[in-house]
Amino acid sequence: MDKKTLILQSTLKLINENGFHGTPVSSIAIDSQVAVGTIYRYFKSKEDIINELYTYVKTDFNNAIKKGMYDDISVRAEYYLKWRNMVDYHINNPLEARFIDQYSASPYIKQDVVKSNLEKYSHLRDLYNRAIELNIIRKISYEAVIIVMIGTVNQLYRIYNSKMLNVNEKIINEVFEVFWSGIKLQ
């Protein structure tokens with residue numbers, strides 16, 4: 001693993017353990033076994049490390065969302081596959097899921113970084129546009145669809161992670177059906 005990746009991985013781990021403010025660059029250096037001076041060759045500041053980590057995690061998340069796609073997939077099947085990939089990513093990558101959640105409410109958030117990362121998700125807007133054109137989903141805004149899609153994923157993950165309820169395949173599929181019922185054309 002290259003030094004930049006080591007730095008990002010250590011930052012991810014330490015932020016999850018100690019929060020943003022409890023993770024100084026000196027701790028990142030110790031955990032990654034990369035000298036502080038070397039860290040500053042890759043990044044201008046701690047804020048820069050955190051914003052780069054956000055891009056790193058969101059790129060990984062986006063790649064995971066698109067996993068298993070195939071030609072001629074139906075709109076419903078594509079929504080299910082992408083939604084399910086989001087759920088699986090959160091369950092299988094808890095550090096990344098918690099980081100995304102923390103980052104979105106953080107003082108480190110840079111709007112230009114968030115905006116540039118949103119562009120990677122054009123495949124979700126393309127799916128929405130195709131669904132609208134084919135009269136498969138209701139004529140509600142793209143933003144509303146994404147909020148409900150991501151909201152169900154996030155809440156499902158939080159409940160799974162807290163072990164508040166037994167989240168199994170049946171529950172996961174039922175939550176998707178609730179999401180799908182809310183957006184599909186009746």
# chains A, B, ... in the order shown; residues from 1 in each chain; ligands from 1

$ select_by_dssp --residues "region 12-115 of chain A" --states "alpha helix (DSSP H)" --output "PyMOL selection string"
chain A and resi 12-18+25-32+36-42+46-65+75-92+94-104+111-115

$ residues_around --residues "region 121-134 of chain A" --least-positions-apart "2" --cutoff "8 Å" --atoms "only C-alpha atoms" --output "ChimeraX atom specification"
/A:62,75,78-79,117-119,136-139,142

$ residues_around --residues "region 44-50 of chain A" --least-positions-apart "4" --cutoff "7 Å" --atoms "only C-alpha atoms" --output "PDB file with all heavy atoms, in the first residue's frame"
ATOM      1  N   VAL A  25      -2.705  15.306  13.445  1.00  0.00           N
ATOM      2  CA  VAL A  25      -1.806  14.761  12.420  1.00  0.00           C
ATOM      3  C   VAL A  25      -0.716  13.902  13.064  1.00  0.00           C
ATOM      4  O   VAL A  25      -0.316  12.881  12.501  1.00  0.00           O
ATOM      5  CB  VAL A  25      -1.214  15.888  11.549  1.00  0.00           C
ATOM      6  CG1 VAL A  25      -0.169  15.347  10.580  1.00  0.00           C
ATOM      7  CG2 VAL A  25      -2.327  16.602  10.783  1.00  0.00           C
ATOM      8  N   TYR A  40       2.789  15.936   5.281  1.00  0.00           N
ATOM      9  CA  TYR A  40       2.605  17.282   4.729  1.00  0.00           C
ATOM     10  C   TYR A  40       3.141  17.420   3.302  1.00  0.00           C
ATOM     11  O   TYR A  40       2.858  18.414   2.635  1.00  0.00           O
ATOM     12  CB  TYR A  40       3.200  18.335   5.667  1.00  0.00           C
ATOM     13  CG  TYR A  40       2.302  18.576   6.876  1.00  0.00           C
ATOM     14  CD1 TYR A  40       2.709  18.222   8.156  1.00  0.00           C
ATOM     15  CD2 TYR A  40       1.032  19.128   6.717  1.00  0.00           C
ATOM     16  CE1 TYR A  40       1.882  18.425   9.251  1.00  0.00           C
ATOM     17  CE2 TYR A  40       0.197  19.329   7.800  1.00  0.00           C
ATOM     18  CZ  TYR A  40       0.626  18.980   9.068  1.00  0.00           C
ATOM     19  OH  TYR A  40      -0.198  19.189  10.136  1.00  0.00           O
ATOM     20  N   TYR A  54     -12.672  11.928   2.288  1.00  0.00           N
ATOM     21  CA  TYR A  54     -14.072  11.936   1.860  1.00  0.00           C
ATOM     22  C   TYR A  54     -14.171  11.534   0.390  1.00  0.00           C
ATOM     23  O   TYR A  54     -14.984  10.686   0.018  1.00  0.00           O
ATOM     24  CB  TYR A  54     -14.690  13.310   2.094  1.00  0.00           C
ATOM     25  CG  TYR A  54     -16.120  13.421   1.634  1.00  0.00           C
ATOM     26  CD1 TYR A  54     -17.162  12.866   2.378  1.00  0.00           C
ATOM     27  CD2 TYR A  54     -16.449  14.083   0.452  1.00  0.00           C
ATOM     28  CE1 TYR A  54     -18.482  12.962   1.964  1.00  0.00           C
ATOM     29  CE2 TYR A  54     -17.764  14.183   0.033  1.00  0.00           C
ATOM     30  CZ  TYR A  54     -18.769  13.627   0.787  1.00  0.00           C
ATOM     31  OH  TYR A  54     -20.072  13.730   0.365  1.00  0.00           O
ATOM     32  N   TYR A 108     -15.434  20.485   8.819  1.00  0.00           N
ATOM     33  CA  TYR A 108     -14.412  20.289   7.788  1.00  0.00           C
ATOM     34  C   TYR A 108     -15.000  20.203   6.386  1.00  0.00           C
ATOM     35  O   TYR A 108     -14.276  20.230   5.407  1.00  0.00           O
ATOM     36  CB  TYR A 108     -13.611  19.007   8.064  1.00  0.00           C
ATOM     37  CG  TYR A 108     -12.744  19.115   9.280  1.00  0.00           C
ATOM     38  CD1 TYR A 108     -13.151  18.575  10.488  1.00  0.00           C
ATOM     39  CD2 TYR A 108     -11.522  19.765   9.228  1.00  0.00           C
ATOM     40  CE1 TYR A 108     -12.356  18.674  11.621  1.00  0.00           C
ATOM     41  CE2 TYR A 108     -10.715  19.875  10.354  1.00  0.00           C
ATOM     42  CZ  TYR A 108     -11.139  19.326  11.541  1.00  0.00           C
ATOM     43  OH  TYR A 108     -10.361  19.429  12.653  1.00  0.00           O
TER      44      TYR A 108
END

$ closest_residue --among "A:Ser27, A:Ser141, A:Thr152, A:Ser116" --to "Val178 (chain A)" --atoms "only C-alpha atoms"
A:Thr152

$ closest_atom_pairs --of "region 58-109 of chain A" --to "region 5-20 of chain A" --cutoff "9 Å" --atoms "only C-alpha atoms" --output "Markdown table"
| residue | atom | partner | partner_atom | distance |
| --- | --- | --- | --- | --- |
| A:Leu95 | CA | A:Asn16 | CA | 6.4 |
| A:Glu96 | CA | A:Leu12 | CA | 7.2 |
| A:Arg98 | CA | A:Asn16 | CA | 7.0 |
| A:Phe99 | CA | A:Asn16 | CA | 6.7 |
| A:Gln102 | CA | A:Gly19 | CA | 8.3 |
| A:Tyr103 | CA | A:Phe20 | CA | 8.8 |
| A:Ser106 | CA | A:Phe20 | CA | 8.2 |
| A:Tyr108 | CA | A:Phe20 | CA | 8.6 |

$ closest_residue --among "A:Lys58, A:Arg158, A:His21, A:Arg84" --to "Lys115 (chain A)" --atoms "only C-alpha atoms"
A:Lys58

$ closest_residue --among "A:Ile28, A:Ile140, A:Ala64, A:Val36" --to "Leu185 (chain A)" --atoms "only C-alpha atoms"
A:Ile140

$ closest_residue --among "A:Trp180, A:Asp60, A:Tyr42, A:Ala29" --to "Lys120 (chain A)" --atoms "only C-alpha atoms"
A:Asp60

$ decode --residues "region 119-135 of chain A" --atoms "all heavy atoms" --output "compact mmCIF listing (two decimals), in the first residue's frame"
# COMPACT_ATOMS: atom_id res chain seq x y z
N GLU A 119 -21.00 14.68 -8.65
CA GLU A 119 -20.95 14.45 -10.09
C GLU A 119 -20.70 12.98 -10.43
O GLU A 119 -21.10 12.51 -11.48
CB GLU A 119 -19.88 15.35 -10.72
CG GLU A 119 -20.22 16.82 -10.65
CD GLU A 119 -19.07 17.75 -10.98
OE1 GLU A 119 -18.00 17.27 -11.42
OE2 GLU A 119 -19.25 18.97 -10.80
N LYS A 120 -20.06 12.25 -9.53
CA LYS A 120 -19.80 10.82 -9.74
C LYS A 120 -21.08 10.00 -9.76
O LYS A 120 -21.09 8.88 -10.25
CB LYS A 120 -18.88 10.28 -8.64
CG LYS A 120 -17.51 10.87 -8.64
CD LYS A 120 -16.72 10.37 -7.47
CE LYS A 120 -15.39 11.09 -7.45
NZ LYS A 120 -14.71 10.98 -6.20
N TYR A 121 -22.13 10.55 -9.19
CA TYR A 121 -23.38 9.82 -9.06
C TYR A 121 -24.35 10.11 -10.20
O TYR A 121 -25.55 9.91 -10.06
CB TYR A 121 -24.02 10.13 -7.70
CG TYR A 121 -23.16 9.65 -6.56
CD1 TYR A 121 -22.19 10.47 -6.00
CD2 TYR A 121 -23.27 8.35 -6.09
CE1 TYR A 121 -21.38 10.02 -4.98
CE2 TYR A 121 -22.46 7.89 -5.08
CZ TYR A 121 -21.51 8.73 -4.52
OH TYR A 121 -20.70 8.26 -3.52
N SER A 122 -23.83 10.53 -11.33
CA SER A 122 -24.70 10.84 -12.48
C SER A 122 -25.49 9.61 -12.92
O SER A 122 -26.59 9.74 -13.47
CB SER A 122 -23.88 11.40 -13.65
OG SER A 122 -22.94 10.45 -14.09
N HIS A 123 -24.98 8.41 -12.66
CA HIS A 123 -25.70 7.19 -13.03
C HIS A 123 -27.02 7.09 -12.27
O HIS A 123 -27.98 6.53 -12.79
CB HIS A 123 -24.83 5.95 -12.81
CG HIS A 123 -24.39 5.75 -11.40
ND1 HIS A 123 -25.08 4.95 -10.51
CD2 HIS A 123 -23.33 6.25 -10.72
CE1 HIS A 123 -24.45 4.97 -9.34
NE2 HIS A 123 -23.39 5.75 -9.44
N LEU A 124 -27.11 7.67 -11.08
CA LEU A 124 -28.38 7.66 -10.34
C LEU A 124 -29.37 8.63 -10.97
O LEU A 124 -30.56 8.34 -11.07
CB LEU A 124 -28.15 8.01 -8.86
CG LEU A 124 -27.38 6.97 -8.06
CD1 LEU A 124 -27.07 7.50 -6.66
CD2 LEU A 124 -28.13 5.66 -7.98
N ARG A 125 -28.87 9.78 -11.43
CA ARG A 125 -29.76 10.72 -12.14
C ARG A 125 -30.21 10.12 -13.47
O ARG A 125 -31.35 10.26 -13.87
CB ARG A 125 -29.09 12.07 -12.35
CG ARG A 125 -30.07 13.09 -12.95
CD ARG A 125 -29.49 14.48 -13.06
NE ARG A 125 -29.34 15.16 -11.80
CZ ARG A 125 -30.30 15.80 -11.16
NH1 ARG A 125 -31.52 15.81 -11.63
NH2 ARG A 125 -30.05 16.44 -10.04
N ASP A 126 -29.30 9.42 -14.15
CA ASP A 126 -29.66 8.76 -15.42
C ASP A 126 -30.76 7.73 -15.19
O ASP A 126 -31.70 7.63 -15.98
CB ASP A 126 -28.44 8.09 -16.06
CG ASP A 126 -27.39 9.07 -16.53
OD1 ASP A 126 -27.69 10.28 -16.66
OD2 ASP A 126 -26.23 8.64 -16.74
N LEU A 127 -30.64 6.97 -14.12
CA LEU A 127 -31.67 5.98 -13.78
C LEU A 127 -33.00 6.68 -13.51
O LEU A 127 -34.05 6.26 -14.01
CB LEU A 127 -31.24 5.17 -12.55
CG LEU A 127 -32.27 4.22 -11.95
CD1 LEU A 127 -32.77 3.21 -12.97
CD2 LEU A 127 -31.67 3.53 -10.72
N TYR A 128 -32.96 7.74 -12.74
CA TYR A 128 -34.17 8.52 -12.44
C TYR A 128 -34.80 9.03 -13.74
O TYR A 128 -36.01 8.88 -13.96
CB TYR A 128 -33.82 9.69 -11.52
CG TYR A 128 -34.90 10.73 -11.41
CD1 TYR A 128 -35.97 10.55 -10.55
CD2 TYR A 128 -34.86 11.89 -12.17
CE1 TYR A 128 -36.97 11.50 -10.45
CE2 TYR A 128 -35.84 12.85 -12.08
CZ TYR A 128 -36.90 12.65 -11.22
OH TYR A 128 -37.90 13.60 -11.13
N ASN A 129 -33.99 9.62 -14.62
CA ASN A 129 -34.52 10.17 -15.88
C ASN A 129 -35.14 9.07 -16.74
O ASN A 129 -36.21 9.26 -17.33
CB ASN A 129 -33.42 10.89 -16.66
CG ASN A 129 -33.03 12.20 -16.01
OD1 ASN A 129 -33.81 12.81 -15.28
ND2 ASN A 129 -31.80 12.64 -16.25
N ARG A 130 -34.49 7.91 -16.80
CA ARG A 130 -35.03 6.79 -17.57
C ARG A 130 -36.37 6.33 -16.97
O ARG A 130 -37.33 6.08 -17.70
CB ARG A 130 -34.02 5.63 -17.59
CG ARG A 130 -34.47 4.44 -18.43
CD ARG A 130 -33.33 3.47 -18.71
NE ARG A 130 -32.79 2.85 -17.54
CZ ARG A 130 -32.99 1.56 -17.20
NH1 ARG A 130 -33.72 0.78 -17.98
NH2 ARG A 130 -32.44 1.06 -16.12
N ALA A 131 -36.43 6.26 -15.66
CA ALA A 131 -37.66 5.83 -14.99
C ALA A 131 -38.81 6.81 -15.24
O ALA A 131 -39.95 6.39 -15.46
CB ALA A 131 -37.41 5.68 -13.49
N ILE A 132 -38.50 8.10 -15.23
CA ILE A 132 -39.52 9.12 -15.51
C ILE A 132 -39.98 9.02 -16.96
O ILE A 132 -41.18 9.02 -17.25
CB ILE A 132 -38.98 10.54 -15.19
CG1 ILE A 132 -38.83 10.74 -13.69
CG2 ILE A 132 -39.87 11.63 -15.81
CD1 ILE A 132 -40.11 10.84 -12.89
N GLU A 133 -39.03 8.94 -17.90
CA GLU A 133 -39.35 8.86 -19.33
C GLU A 133 -40.21 7.64 -19.65
O GLU A 133 -41.09 7.71 -20.51
CB GLU A 133 -38.07 8.80 -20.16
CG GLU A 133 -37.34 10.12 -20.25
CD GLU A 133 -35.97 9.98 -20.90
OE1 GLU A 133 -35.73 9.00 -21.65
OE2 GLU A 133 -35.11 10.86 -20.66
N LEU A 134 -39.96 6.53 -18.97
CA LEU A 134 -40.71 5.30 -19.22
C LEU A 134 -42.01 5.22 -18.39
O LEU A 134 -42.69 4.21 -18.43
CB LEU A 134 -39.84 4.08 -18.94
CG LEU A 134 -38.63 3.90 -19.86
CD1 LEU A 134 -37.74 2.77 -19.36
CD2 LEU A 134 -39.08 3.66 -21.30
N ASN A 135 -42.30 6.29 -17.64
CA ASN A 135 -43.49 6.34 -16.78
C ASN A 135 -43.53 5.17 -15.79
O ASN A 135 -44.58 4.56 -15.58
CB ASN A 135 -44.78 6.37 -17.61
CG ASN A 135 -44.98 7.71 -18.27
OD1 ASN A 135 -44.75 8.75 -17.66
ND2 ASN A 135 -45.36 7.69 -19.53
